[in-house]
Structure formats: C-alpha cells, structure tokens
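Reproduced below: start-v8.pdb, with PDB, C-alpha atoms.
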```pdb
MODEL        1
ATOM      1  CA  MET Q   1     -26.877 -47.361  95.523  1.00  0.00           C
ATOM      2  CA  THR Q   2     -28.538 -46.769  98.890  1.00  0.00           C
ATOM      3  CA  PHE Q   3     -29.125 -43.116  99.818  1.00  0.00           C
ATOM      4  CA  ALA Q   4     -27.799 -41.172  96.825  1.00  0.00           C
ATOM      5  CA  ALA Q   5     -27.084 -37.926  98.694  1.00  0.00           C
ATOM      6  CA  LEU Q   6     -25.061 -39.754 101.357  1.00  0.00           C
ATOM      7  CA  GLN Q   7     -23.022 -42.026  99.101  1.00  0.00           C
ATOM      8  CA  PRO Q   8     -20.364 -39.454  98.093  1.00  0.00           C
ATOM      9  CA  LEU Q   9     -19.505 -38.863 101.755  1.00  0.00           C
ATOM     10  CA  ALA Q  10     -19.165 -42.597 102.379  1.00  0.00           C
ATOM     11  CA  ASP Q  11     -17.097 -43.009  99.194  1.00  0.00           C
ATOM     12  CA  ARG Q  12     -14.692 -40.295 100.329  1.00  0.00           C
ATOM     13  CA  ALA Q  13     -13.953 -42.174 103.557  1.00  0.00           C
ATOM     14  CA  ALA Q  14     -14.025 -45.642 101.981  1.00  0.00           C
ATOM     15  CA  LEU Q  15     -10.329 -46.485 102.254  1.00  0.00           C
ATOM     16  CA  PHE Q  16      -9.913 -45.280 105.829  1.00  0.00           C
ATOM     17  CA  VAL Q  17     -13.147 -47.009 106.801  1.00  0.00           C
ATOM     18  CA  ALA Q  18     -12.061 -50.293 105.214  1.00  0.00           C
ATOM     19  CA  LEU Q  19      -8.802 -50.248 107.163  1.00  0.00           C
ATOM     20  CA  ARG Q  20     -10.495 -49.462 110.472  1.00  0.00           C
ATOM     21  CA  GLN Q  21     -13.176 -52.128 109.939  1.00  0.00           C
ATOM     22  CA  ASP Q  22     -10.385 -54.578 109.156  1.00  0.00           C
ATOM     23  CA  ALA Q  23      -8.706 -53.710 112.466  1.00  0.00           C
ATOM     24  CA  LEU Q  24     -11.981 -54.193 114.362  1.00  0.00           C
ATOM     25  CA  SER Q  25     -12.555 -57.545 112.668  1.00  0.00           C
ATOM     26  CA  ALA Q  26      -9.055 -58.689 113.586  1.00  0.00           C
ATOM     27  CA  ALA Q  27      -9.544 -57.684 117.231  1.00  0.00           C
ATOM     28  CA  ALA Q  28     -12.911 -59.451 117.429  1.00  0.00           C
ATOM     29  CA  ASP Q  29     -11.619 -62.535 115.591  1.00  0.00           C
ATOM     30  CA  ALA Q  30      -8.807 -62.810 118.137  1.00  0.00           C
ATOM     31  CA  LEU Q  31     -11.507 -63.765 120.650  1.00  0.00           C
ATOM     32  CA  GLY Q  32     -12.423 -66.808 118.566  1.00  0.00           C
ATOM     33  CA  GLU Q  33     -16.112 -67.642 118.451  1.00  0.00           C
ATOM     34  CA  HIS Q  34     -17.804 -64.721 120.158  1.00  0.00           C
ATOM     35  CA  ARG Q  35     -21.043 -62.853 120.702  1.00  0.00           C
ATOM     36  CA  TRP Q  36     -21.850 -59.169 120.968  1.00  0.00           C
ATOM     37  CA  ASP Q  37     -24.095 -57.349 123.425  1.00  0.00           C
ATOM     38  CA  ALA Q  38     -25.161 -53.713 123.537  1.00  0.00           C
ATOM     39  CA  ASP Q  39     -25.894 -51.970 126.826  1.00  0.00           C
ATOM     40  CA  MET Q  40     -27.688 -48.781 125.876  1.00  0.00           C
ATOM     41  CA  ALA Q  41     -27.868 -47.545 129.481  1.00  0.00           C
ATOM     42  CA  ALA Q  42     -24.112 -47.897 129.904  1.00  0.00           C
ATOM     43  CA  GLY Q  43     -23.433 -46.837 126.315  1.00  0.00           C
ATOM     44  CA  THR Q  44     -21.224 -49.815 125.554  1.00  0.00           C
ATOM     45  CA  LEU Q  45     -20.961 -52.588 122.999  1.00  0.00           C
ATOM     46  CA  THR Q  46     -19.121 -55.690 124.166  1.00  0.00           C
ATOM     47  CA  PHE Q  47     -17.690 -58.622 122.220  1.00  0.00           C
ATOM     48  CA  THR Q  48     -17.266 -61.683 124.463  1.00  0.00           C
ATOM     49  CA  ALA Q  49     -15.476 -64.970 123.732  1.00  0.00           C
ATOM     50  CA  ASN Q  50     -17.909 -67.868 123.875  1.00  0.00           C
ATOM     51  CA  ASP Q  51     -15.418 -70.233 125.539  1.00  0.00           C
ATOM     52  CA  ASP Q  52     -14.123 -67.705 128.101  1.00  0.00           C
ATOM     53  CA  PRO Q  53     -16.461 -64.873 129.133  1.00  0.00           C
ATOM     54  CA  SER Q  54     -13.570 -63.079 130.830  1.00  0.00           C
ATOM     55  CA  ARG Q  55     -12.078 -62.360 127.409  1.00  0.00           C
ATOM     56  CA  GLN Q  56     -13.840 -59.283 126.103  1.00  0.00           C
ATOM     57  CA  LEU Q  57     -13.485 -56.336 123.771  1.00  0.00           C
ATOM     58  CA  VAL Q  58     -15.450 -53.434 125.246  1.00  0.00           C
ATOM     59  CA  ALA Q  59     -16.134 -50.285 123.245  1.00  0.00           C
ATOM     60  CA  ARG Q  60     -17.963 -47.056 123.975  1.00  0.00           C
ATOM     61  CA  ALA Q  61     -20.885 -47.111 121.536  1.00  0.00           C
ATOM     62  CA  HIS Q  62     -22.574 -44.076 120.007  1.00  0.00           C
ATOM     63  CA  LEU Q  63     -25.851 -44.835 118.237  1.00  0.00           C
ATOM     64  CA  ILE Q  64     -25.973 -43.074 114.874  1.00  0.00           C
ATOM     65  CA  ALA Q  65     -29.137 -44.427 113.247  1.00  0.00           C
ATOM     66  CA  THR Q  66     -31.532 -47.322 112.924  1.00  0.00           C
ATOM     67  CA  ILE Q  67     -32.659 -48.646 109.541  1.00  0.00           C
ATOM     68  CA  ALA Q  68     -35.957 -50.542 109.629  1.00  0.00           C
ATOM     69  CA  PRO Q  69     -37.914 -52.464 106.985  1.00  0.00           C
ATOM     70  CA  GLY Q  70     -41.264 -51.983 108.764  1.00  0.00           C
ATOM     71  CA  PRO Q  71     -41.559 -48.210 108.342  1.00  0.00           C
ATOM     72  CA  ARG Q  72     -39.096 -48.453 105.421  1.00  0.00           C
ATOM     73  CA  SER Q  73     -37.011 -45.633 106.784  1.00  0.00           C
ATOM     74  CA  LEU Q  74     -33.755 -44.538 108.374  1.00  0.00           C
ATOM     75  CA  LEU Q  75     -34.187 -42.834 111.759  1.00  0.00           C
ATOM     76  CA  TRP Q  76     -31.287 -40.696 112.983  1.00  0.00           C
ATOM     77  CA  ALA Q  77     -30.260 -41.077 116.623  1.00  0.00           C
ATOM     78  CA  TRP Q  78     -30.267 -37.309 117.138  1.00  0.00           C
ATOM     79  CA  ALA Q  79     -34.050 -37.494 116.680  1.00  0.00           C
ATOM     80  CA  HIS Q  80     -34.414 -39.945 119.599  1.00  0.00           C
ATOM     81  CA  PRO Q  81     -34.979 -38.263 122.994  1.00  0.00           C
ATOM     82  CA  ASN Q  82     -32.286 -40.480 124.540  1.00  0.00           C
ATOM     83  CA  GLY Q  83     -30.531 -41.682 121.423  1.00  0.00           C
ATOM     84  CA  ASP Q  84     -27.608 -39.244 121.184  1.00  0.00           C
ATOM     85  CA  PRO Q  85     -26.521 -38.227 124.701  1.00  0.00           C
ATOM     86  CA  GLN Q  86     -22.970 -37.274 123.642  1.00  0.00           C
ATOM     87  CA  GLY Q  87     -24.136 -35.405 120.558  1.00  0.00           C
ATOM     88  CA  VAL Q  88     -22.096 -37.589 118.168  1.00  0.00           C
ATOM     89  CA  ALA Q  89     -24.959 -38.222 115.730  1.00  0.00           C
ATOM     90  CA  GLY Q  90     -25.777 -34.530 116.021  1.00  0.00           C
ATOM     91  CA  GLN Q  91     -22.527 -33.780 114.185  1.00  0.00           C
ATOM     92  CA  LEU Q  92     -24.100 -35.300 111.065  1.00  0.00           C
ATOM     93  CA  HIS Q  93     -27.124 -33.029 111.485  1.00  0.00           C
ATOM     94  CA  ALA Q  94     -24.837 -30.010 111.857  1.00  0.00           C
ATOM     95  CA  TYR Q  95     -22.950 -30.889 108.666  1.00  0.00           C
ATOM     96  CA  GLY Q  96     -26.218 -31.375 106.803  1.00  0.00           C
ATOM     97  CA  SER Q  97     -27.468 -27.986 107.964  1.00  0.00           C
ATOM     98  CA  GLU Q  98     -24.261 -26.281 106.880  1.00  0.00           C
ATOM     99  CA  HIS Q  99     -24.151 -27.945 103.461  1.00  0.00           C
ATOM    100  CA  GLY Q 100     -27.844 -28.212 102.663  1.00  0.00           C
ATOM    101  CA  ILE Q 101     -28.111 -32.021 102.755  1.00  0.00           C
ATOM    102  CA  ALA Q 102     -31.724 -32.766 103.633  1.00  0.00           C
ATOM    103  CA  GLU Q 103     -31.046 -36.471 104.241  1.00  0.00           C
ATOM    104  CA  LEU Q 104     -28.872 -35.486 107.225  1.00  0.00           C
ATOM    105  CA  THR Q 105     -31.341 -33.000 108.716  1.00  0.00           C
ATOM    106  CA  THR Q 106     -34.582 -34.927 108.211  1.00  0.00           C
ATOM    107  CA  SER Q 107     -35.228 -37.039 111.315  1.00  0.00           C
ATOM    108  CA  GLU Q 108     -36.730 -39.969 109.390  1.00  0.00           C
ATOM    109  CA  VAL Q 109     -35.530 -40.583 105.828  1.00  0.00           C
ATOM    110  CA  PRO Q 110     -37.724 -42.854 103.679  1.00  0.00           C
ATOM    111  CA  PHE Q 111     -36.169 -45.625 101.606  1.00  0.00           C
ATOM    112  CA  PRO Q 112     -35.877 -44.990  97.860  1.00  0.00           C
ATOM    113  CA  GLU Q 113     -38.586 -46.553  95.729  1.00  0.00           C
ATOM    114  CA  GLY Q 114     -38.147 -50.330  95.396  1.00  0.00           C
ATOM    115  CA  ALA Q 115     -35.477 -50.587  98.114  1.00  0.00           C
ATOM    116  CA  GLY Q 116     -35.657 -52.250 101.497  1.00  0.00           C
ATOM    117  CA  ASP Q 117     -34.793 -55.945 101.360  1.00  0.00           C
ATOM    118  CA  GLU Q 118     -32.317 -57.451 103.833  1.00  0.00           C
ATOM    119  CA  GLU Q 119     -29.297 -57.059 101.557  1.00  0.00           C
ATOM    120  CA  TRP Q 120     -30.163 -53.430 100.779  1.00  0.00           C
ATOM    121  CA  ILE Q 121     -30.582 -52.576 104.476  1.00  0.00           C
ATOM    122  CA  ALA Q 122     -27.211 -54.145 105.289  1.00  0.00           C
ATOM    123  CA  GLN Q 123     -25.558 -52.081 102.561  1.00  0.00           C
ATOM    124  CA  ALA Q 124     -27.374 -48.941 103.701  1.00  0.00           C
ATOM    125  CA  ALA Q 125     -26.000 -49.511 107.199  1.00  0.00           C
ATOM    126  CA  HIS Q 126     -22.469 -49.601 105.791  1.00  0.00           C
ATOM    127  CA  THR Q 127     -23.135 -46.375 103.895  1.00  0.00           C
ATOM    128  CA  VAL Q 128     -24.391 -44.682 107.072  1.00  0.00           C
ATOM    129  CA  GLY Q 129     -21.368 -46.001 108.982  1.00  0.00           C
ATOM    130  CA  GLY Q 130     -19.027 -44.560 106.369  1.00  0.00           C
ATOM    131  CA  VAL Q 131     -20.769 -41.185 106.492  1.00  0.00           C
ATOM    132  CA  ALA Q 132     -20.541 -41.153 110.280  1.00  0.00           C
ATOM    133  CA  VAL Q 133     -16.799 -41.868 110.207  1.00  0.00           C
ATOM    134  CA  GLU Q 134     -16.258 -39.207 107.548  1.00  0.00           C
ATOM    135  CA  LEU Q 135     -18.122 -36.462 109.401  1.00  0.00           C
ATOM    136  CA  THR Q 136     -17.052 -37.200 112.986  1.00  0.00           C
ATOM    137  CA  GLY Q 137     -13.557 -38.639 112.556  1.00  0.00           C
ATOM    138  CA  ARG Q 138     -14.469 -41.461 114.930  1.00  0.00           C
ATOM    139  CA  SER Q 139     -13.934 -45.085 113.945  1.00  0.00           C
ATOM    140  CA  PRO Q 140     -14.689 -47.918 113.516  1.00  0.00           C
ATOM    141  CA  TYR Q 141     -18.433 -48.438 113.226  1.00  0.00           C
ATOM    142  CA  TYR Q 142     -20.566 -51.488 113.876  1.00  0.00           C
ATOM    143  CA  SER Q 143     -23.724 -52.523 112.020  1.00  0.00           C
ATOM    144  CA  ALA Q 144     -25.810 -54.563 114.437  1.00  0.00           C
ATOM    145  CA  PRO Q 145     -28.908 -56.622 113.587  1.00  0.00           C
ATOM    146  CA  VAL Q 146     -31.450 -55.812 116.312  1.00  0.00           C
ATOM    147  CA  GLY Q 147     -34.470 -57.857 115.256  1.00  0.00           C
ATOM    148  CA  ASN Q 148     -37.236 -57.873 112.654  1.00  0.00           C
ATOM    149  CA  GLY Q 149     -34.767 -57.008 109.895  1.00  0.00           C
ATOM    150  CA  THR Q 150     -33.755 -53.726 111.552  1.00  0.00           C
ATOM    151  CA  ARG Q 151     -30.139 -52.676 111.819  1.00  0.00           C
ATOM    152  CA  ALA Q 152     -28.586 -50.205 114.249  1.00  0.00           C
ATOM    153  CA  VAL Q 153     -25.402 -48.362 113.305  1.00  0.00           C
ATOM    154  CA  PHE Q 154     -22.975 -47.477 116.108  1.00  0.00           C
ATOM    155  CA  LEU Q 155     -19.729 -45.538 116.090  1.00  0.00           C
ATOM    156  CA  LEU Q 156     -17.272 -47.154 118.476  1.00  0.00           C
ATOM    157  CA  ASP Q 157     -14.560 -45.757 120.698  1.00  0.00           C
ATOM    158  CA  ALA Q 158     -12.790 -49.115 120.662  1.00  0.00           C
ATOM    159  CA  PRO Q 159      -9.455 -50.115 122.217  1.00  0.00           C
ATOM    160  CA  LEU Q 160      -7.716 -50.195 118.842  1.00  0.00           C
ATOM    161  CA  ALA Q 161      -4.309 -48.687 118.139  1.00  0.00           C
ATOM    162  CA  PRO Q 162      -4.327 -45.569 115.940  1.00  0.00           C
ATOM    163  CA  LEU Q 163      -3.863 -46.377 112.260  1.00  0.00           C
ATOM    164  CA  THR Q 164      -0.252 -45.950 111.140  1.00  0.00           C
ATOM    165  CA  VAL Q 165       1.247 -45.982 107.675  1.00  0.00           C
ATOM    166  CA  ALA Q 166       3.078 -49.194 108.563  1.00  0.00           C
ATOM    167  CA  ASP Q 167      -0.167 -50.865 109.651  1.00  0.00           C
ATOM    168  CA  ALA Q 168      -1.883 -49.731 106.469  1.00  0.00           C
ATOM    169  CA  VAL Q 169       0.889 -51.040 104.209  1.00  0.00           C
ATOM    170  CA  VAL Q 170       0.479 -54.502 105.732  1.00  0.00           C
ATOM    171  CA  ALA Q 171      -3.322 -54.496 105.496  1.00  0.00           C
ATOM    172  CA  LEU Q 172      -3.848 -52.730 102.154  1.00  0.00           C
ATOM    173  CA  PRO Q 173      -3.278 -55.700  99.800  1.00  0.00           C
ATOM    174  CA  ARG Q 174      -6.032 -57.566 101.631  1.00  0.00           C
ATOM    175  CA  VAL Q 175      -8.300 -54.548 102.061  1.00  0.00           C
ATOM    176  CA  LEU Q 176      -8.025 -53.287  98.493  1.00  0.00           C
ATOM    177  CA  SER Q 177      -9.109 -56.644  97.086  1.00  0.00           C
ATOM    178  CA  GLY Q 178     -12.572 -56.068  98.541  1.00  0.00           C
ATOM    179  CA  ALA Q 179     -12.811 -52.275  98.529  1.00  0.00           C
ATOM    180  CA  ASP Q 180     -14.976 -50.254  96.164  1.00  0.00           C
ATOM    181  CA  LEU Q 181     -13.237 -46.923  95.504  1.00  0.00           C
ATOM    182  CA  PRO Q 182     -15.147 -44.812  92.960  1.00  0.00           C
ATOM    183  CA  ASP Q 183     -12.567 -42.039  93.432  1.00  0.00           C
ATOM    184  CA  ALA Q 184      -9.314 -43.560  94.654  1.00  0.00           C
ATOM    185  CA  ARG Q 185      -7.367 -40.286  94.656  1.00  0.00           C
ATOM    186  CA  THR Q 186      -9.874 -38.651  96.969  1.00  0.00           C
ATOM    187  CA  ALA Q 187     -10.029 -41.796  99.113  1.00  0.00           C
ATOM    188  CA  VAL Q 188      -6.236 -41.717  99.606  1.00  0.00           C
ATOM    189  CA  TRP Q 189      -6.344 -38.007 100.430  1.00  0.00           C
ATOM    190  CA  ASP Q 190      -9.128 -38.605 102.948  1.00  0.00           C
ATOM    191  CA  LEU Q 191      -7.307 -41.605 104.414  1.00  0.00           C
ATOM    192  CA  ALA Q 192      -4.385 -39.318 105.243  1.00  0.00           C
ATOM    193  CA  ARG Q 193      -6.700 -36.638 106.650  1.00  0.00           C
ATOM    194  CA  LEU Q 194      -8.638 -39.002 108.898  1.00  0.00           C
ATOM    195  CA  ALA Q 195      -5.534 -40.907 110.046  1.00  0.00           C
ATOM    196  CA  GLY Q 196      -3.619 -37.693 110.785  1.00  0.00           C
ATOM    197  CA  TRP Q 197      -0.838 -38.399 108.293  1.00  0.00           C
ATOM    198  CA  THR Q 198       1.038 -35.979 106.045  1.00  0.00           C
ATOM    199  CA  LEU Q 199       0.191 -36.217 102.326  1.00  0.00           C
ATOM    200  CA  THR Q 200       2.194 -34.848  99.399  1.00  0.00           C
ATOM    201  CA  TRP Q 201       1.216 -35.216  95.739  1.00  0.00           C
ATOM    202  CA  THR Q 202       4.120 -36.520  93.669  1.00  0.00           C
ATOM    203  CA  ASP Q 203       3.449 -34.173  90.721  1.00  0.00           C
ATOM    204  CA  ASP Q 204       1.053 -31.571  89.343  1.00  0.00           C
ATOM    205  CA  ALA Q 205      -0.844 -34.253  87.428  1.00  0.00           C
ATOM    206  CA  PHE Q 206      -1.675 -36.100  90.682  1.00  0.00           C
ATOM    207  CA  THR Q 207      -0.312 -39.385  89.359  1.00  0.00           C
ATOM    208  CA  GLY Q 208       0.858 -40.312  92.835  1.00  0.00           C
ATOM    209  CA  ALA Q 209       0.531 -39.410  96.497  1.00  0.00           C
ATOM    210  CA  SER Q 210       2.988 -39.996  99.330  1.00  0.00           C
ATOM    211  CA  VAL Q 211       1.677 -40.363 102.858  1.00  0.00           C
ATOM    212  CA  SER Q 212       3.864 -40.434 105.936  1.00  0.00           C
ATOM    213  CA  ASP Q 213       3.910 -40.587 109.712  1.00  0.00           C
ATOM    214  CA  ALA Q 214       6.413 -41.682 112.343  1.00  0.00           C
ATOM    215  CA  SER Q 215       6.180 -45.300 111.153  1.00  0.00           C
ATOM    216  CA  GLY Q 216       7.214 -44.669 107.553  1.00  0.00           C
ATOM    217  CA  THR Q 217       6.148 -43.500 104.105  1.00  0.00           C
ATOM    218  CA  ALA Q 218       3.959 -45.064 101.439  1.00  0.00           C
ATOM    219  CA  THR Q 219       3.516 -43.805  97.890  1.00  0.00           C
ATOM    220  CA  PHE Q 220       0.324 -44.595  95.997  1.00  0.00           C
ATOM    221  CA  ARG Q 221       0.487 -44.666  92.198  1.00  0.00           C
ATOM    222  CA  PHE Q 222      -2.614 -44.033  90.058  1.00  0.00           C
ATOM    223  CA  ASP Q 223      -3.318 -45.217  86.515  1.00  0.00           C
ATOM    224  CA  GLU Q 224      -5.085 -43.326  83.692  1.00  0.00           C
ATOM    225  CA  GLN Q 225      -8.484 -44.066  85.251  1.00  0.00           C
ATOM    226  CA  ALA Q 226      -7.271 -42.749  88.647  1.00  0.00           C
ATOM    227  CA  ARG Q 227      -7.283 -46.242  90.124  1.00  0.00           C
ATOM    228  CA  ILE Q 228      -4.558 -47.342  92.538  1.00  0.00           C
ATOM    229  CA  SER Q 229      -1.997 -49.152  90.388  1.00  0.00           C
ATOM    230  CA  GLY Q 230       0.719 -49.715  92.963  1.00  0.00           C
ATOM    231  CA  ILE Q 231       2.022 -48.880  96.429  1.00  0.00           C
ATOM    232  CA  GLU Q 232       5.679 -48.423  97.387  1.00  0.00           C
ATOM    233  CA  SER Q 233       6.744 -48.085 101.006  1.00  0.00           C
ATOM    234  CA  THR Q 234       9.693 -47.249 103.188  1.00  0.00           C
ATOM    235  CA  LEU Q 235       9.044 -48.197 106.790  1.00  0.00           C
ATOM    236  CA  ARG Q 236      10.999 -47.275 109.909  1.00  0.00           C
ATOM    237  CA  PRO Q 237      11.990 -49.868 112.507  1.00  0.00           C
ATOM    238  CA  GLN Q 238       9.569 -49.763 115.416  1.00  0.00           C
ATOM    239  CA  ALA Q 239      10.721 -50.028 119.013  1.00  0.00           C
TER     240      ALA Q 239
ENDMDL
END
```
Now that the file is in, can you turn its structure into structure tokens?
Amino acid sequence: MTFAALQPLADRAALFVALRQDALSAAADALGEHRWDADMAAGTLTFTANDDPSRQLVARAHLIATIAPGPRSLLWAWAHPNGDPQGVAGQLHAYGSEHGIAELTTSEVPFPEGAGDEEWIAQAAHTVGGVAVELTGRSPYYSAPVGNGTRAVFLLDAPLAPLTVADAVVALPRVLSGADLPDARTAVWDLARLAGWTLTWTDDAFTGASVSDASGTATFRFDEQARISGIESTLRPQA
C-alpha cells in the first residue's frame, strides 16, 4: 500500500492503465535500445533510438507530481508555479475538493510512517499515475527517475492509437498475468468507460460483462470471488 486514500482510484483504473502502459511499452520497445529526455520548457517527453537518433517517439508531457525521498513527500504539480500550465494536474485537485480527499488537495503529502525506500517510491509513482489516468481520462503515464531517488510522474499525449476491443483482446492474456485487480468487475466497467466502449452486464447477478466497439465484442466472465475467469470475443474484420 502506498497512499491509502488514493489507492481505490488507481485500482478502479487498473485494467485500462495496464493496457495503455502495455501499448506505450510496445511503441518504445519498437525503437530498440533507447533513451528518454524531458524538455520542460517545450512540455515534451521524447524516446530516441540509440542507434538512430532520427527515430523518435515524441509525446506531450503533463507533469502530475514528484515523489522525493529527501523531504519524504509527494508534491503535486498544481502547487508548482510553472508545473501545471495546462491545468491537467489541477483536475486531480478539483476532484479532491469535490469529494473531500485531502491527499489530492494538500500541496505536499507526507509519506506514511516507515515508507520511502526506492521500491516504495516506484510503486507510489505507479499509484499516482493510475489516479491521474482515472481522473483526467488521459493516458498513458510515465514514471521518470530524475535523480537522488526522486521520481516524476507525467501524463502523456502520445502518438498511440485509441484502445479498441480488438486490441485489448490480443493484449489481455499478457496483461492480466501481471495485473493486480482487487475489484475486477469495477476494473472492467472502468475500462469500458475510459476507452469509450459500450458495456452491458450479462445478468442481474453481474456474473459477466460484454464490452463492444466498432472492432468487436468481448465478454468477461467472473467467478465466485469476482475474479476474471474467462474472456470470449467476437471480432470484426478490420479494413
């Protein structure tokens, strides 16, 4: 557990987030060995192939927060004078104000007692990234090490295709093997919401959910513990 009040928001978006992070990883991996560079003045984050600098993946980057071991705190970008020029991080503050979540409206959030090693900070960055995706609808995010154990969390407007049902069906076996879904039903519902798909529950007991878009339909089945027990799909030929 990282920040307890934020975790439920990240959990809700976990399946959508996992699929979008998978797409970002695939796009970056297509460059081969690569590096990343952030240009805060230009507001971009660029992945560049080491063997051919002309091959790049350039994304508009919105700083959401920094998480630092020195002060042992999370600092929201909306609290920086120049840290949130497009007001993207401010959307988290607005949600926190509306729903009474102090961790989203306090400019600097201290680490919980006993937390703060490198592994914990990395996990906290993923939690913050998930929350940012959930509350803004933007994706993917990038957790960047920026020195002295500090991590910066960016939301990216990256040149990735929108997530389709067909894309998800291909990626889900791989993604689910490493995903932690405390509430899989809610995660599937939120996946459809964030991806802009149509969702229909298969019955009043919520034992299944069908999601669909122009690329096809996938039906998720849930077991007695509300875990995903199977996925059936009918996909449409794509032009």
Residue IDs satisfying the PyMOL selection byres ((chain Q and resi 166) around 8), as a ChimeraX atom specification | /Q:164-165,167-170,215-217,235
Could you write out as a PyMOL selection string the residues that the PyMOL selection byres ((chain Q and resi 113-127) around 7) matches in the shown file?
-> chain Q and resi 2+7+10+67+69+72+111-112+128-131+143+149+151+153
Test item: the PyMOL selection byres ((chain Q and resi 219) around 9) resolved as a list in words = Thr202, Gly208, Ala209, Ser210, Val211, Ser212, Thr217, Ala218, Phe220, Arg221, Gly230, Ile231, Glu232, Ser233 and Thr234 of chain Q
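Separating CA of Ala171 (chain Q) from CA of Ala65 (chain Q) is a distance of 28.8 Å.
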Name the residues, using the chain letters and numbers of the file, that sit within 12 Å of (-22.1, -55.6, 123.0) when counting all atoms listed in the file, and give them as a PyMOL selection string.
-> chain Q and resi 28+34-49+56-62+142-146+154+156+158
Could you please determine the separation between CA of Ala195 (chain Q) and CA of Pro162 (chain Q) in Å, to one decimal place?
->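 We find that CA of Ala195 (chain Q) and CA of Pro162 (chain Q) lie 7.6 Å from each other.
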Nearest to Ile228 (chain Q), chosen from Q:Ala192, Q:Pro182, Q:Ser73, Q:Glu33, with only C-alpha atoms counted in the distances = Q:Pro182
CA of Asp29 (chain Q) sits from CA of Thr150 (chain Q) at a separation of 24.2 Å
Proximity to Leu74 (chain Q) - best of Q:Val88, Q:Leu31, Q:Leu104, Q:Val133, all atoms listed in the file =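 Ranked by minimum distance to Leu74 (chain Q), first place goes to Q:Leu104.
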Top pick for closest residue to Thr186 (chain Q), considering Q:His80, Q:Leu63, Q:Leu155, Q:Phe222 and counting only C-alpha atoms | Q:Phe222
Of the residues Q:Ile64, Q:Ala79, Q:Leu9, Q:Ala205, which is the one nearest to Ile101 (chain Q), using all atoms listed in the file?
->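 When distances to Ile101 (chain Q) are compared using all atoms listed in the file, the smallest one comes from Q:Leu9.
Distances here use all atoms listed in the file; by that measure, the residue among Q:Arg20, Q:Arg12, Q:Arg227, Q:Arg185 closest to Asp157 (chain Q) is Q:Arg20.
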Looking at only C-alpha atoms, which of Q:Trp201, Q:Phe3, Q:Phe16, Q:Trp76 is the one that sits closest to Leu176 (chain Q)?
->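 Looking only at the distances to Leu176 (chain Q), the closest residue turns out to be Q:Phe16.
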Mind giving me the axis-aligned box for region 180-190 of chain Q with 8 Å on every side, centre plus edges in Å to one decimal, as lines of an AutoDock Vina configuration file?
```
center_x = -10.7
center_y = -44.1
center_z = 98.0
size_x = 24.9
size_y = 28.2
size_z = 26.0
```
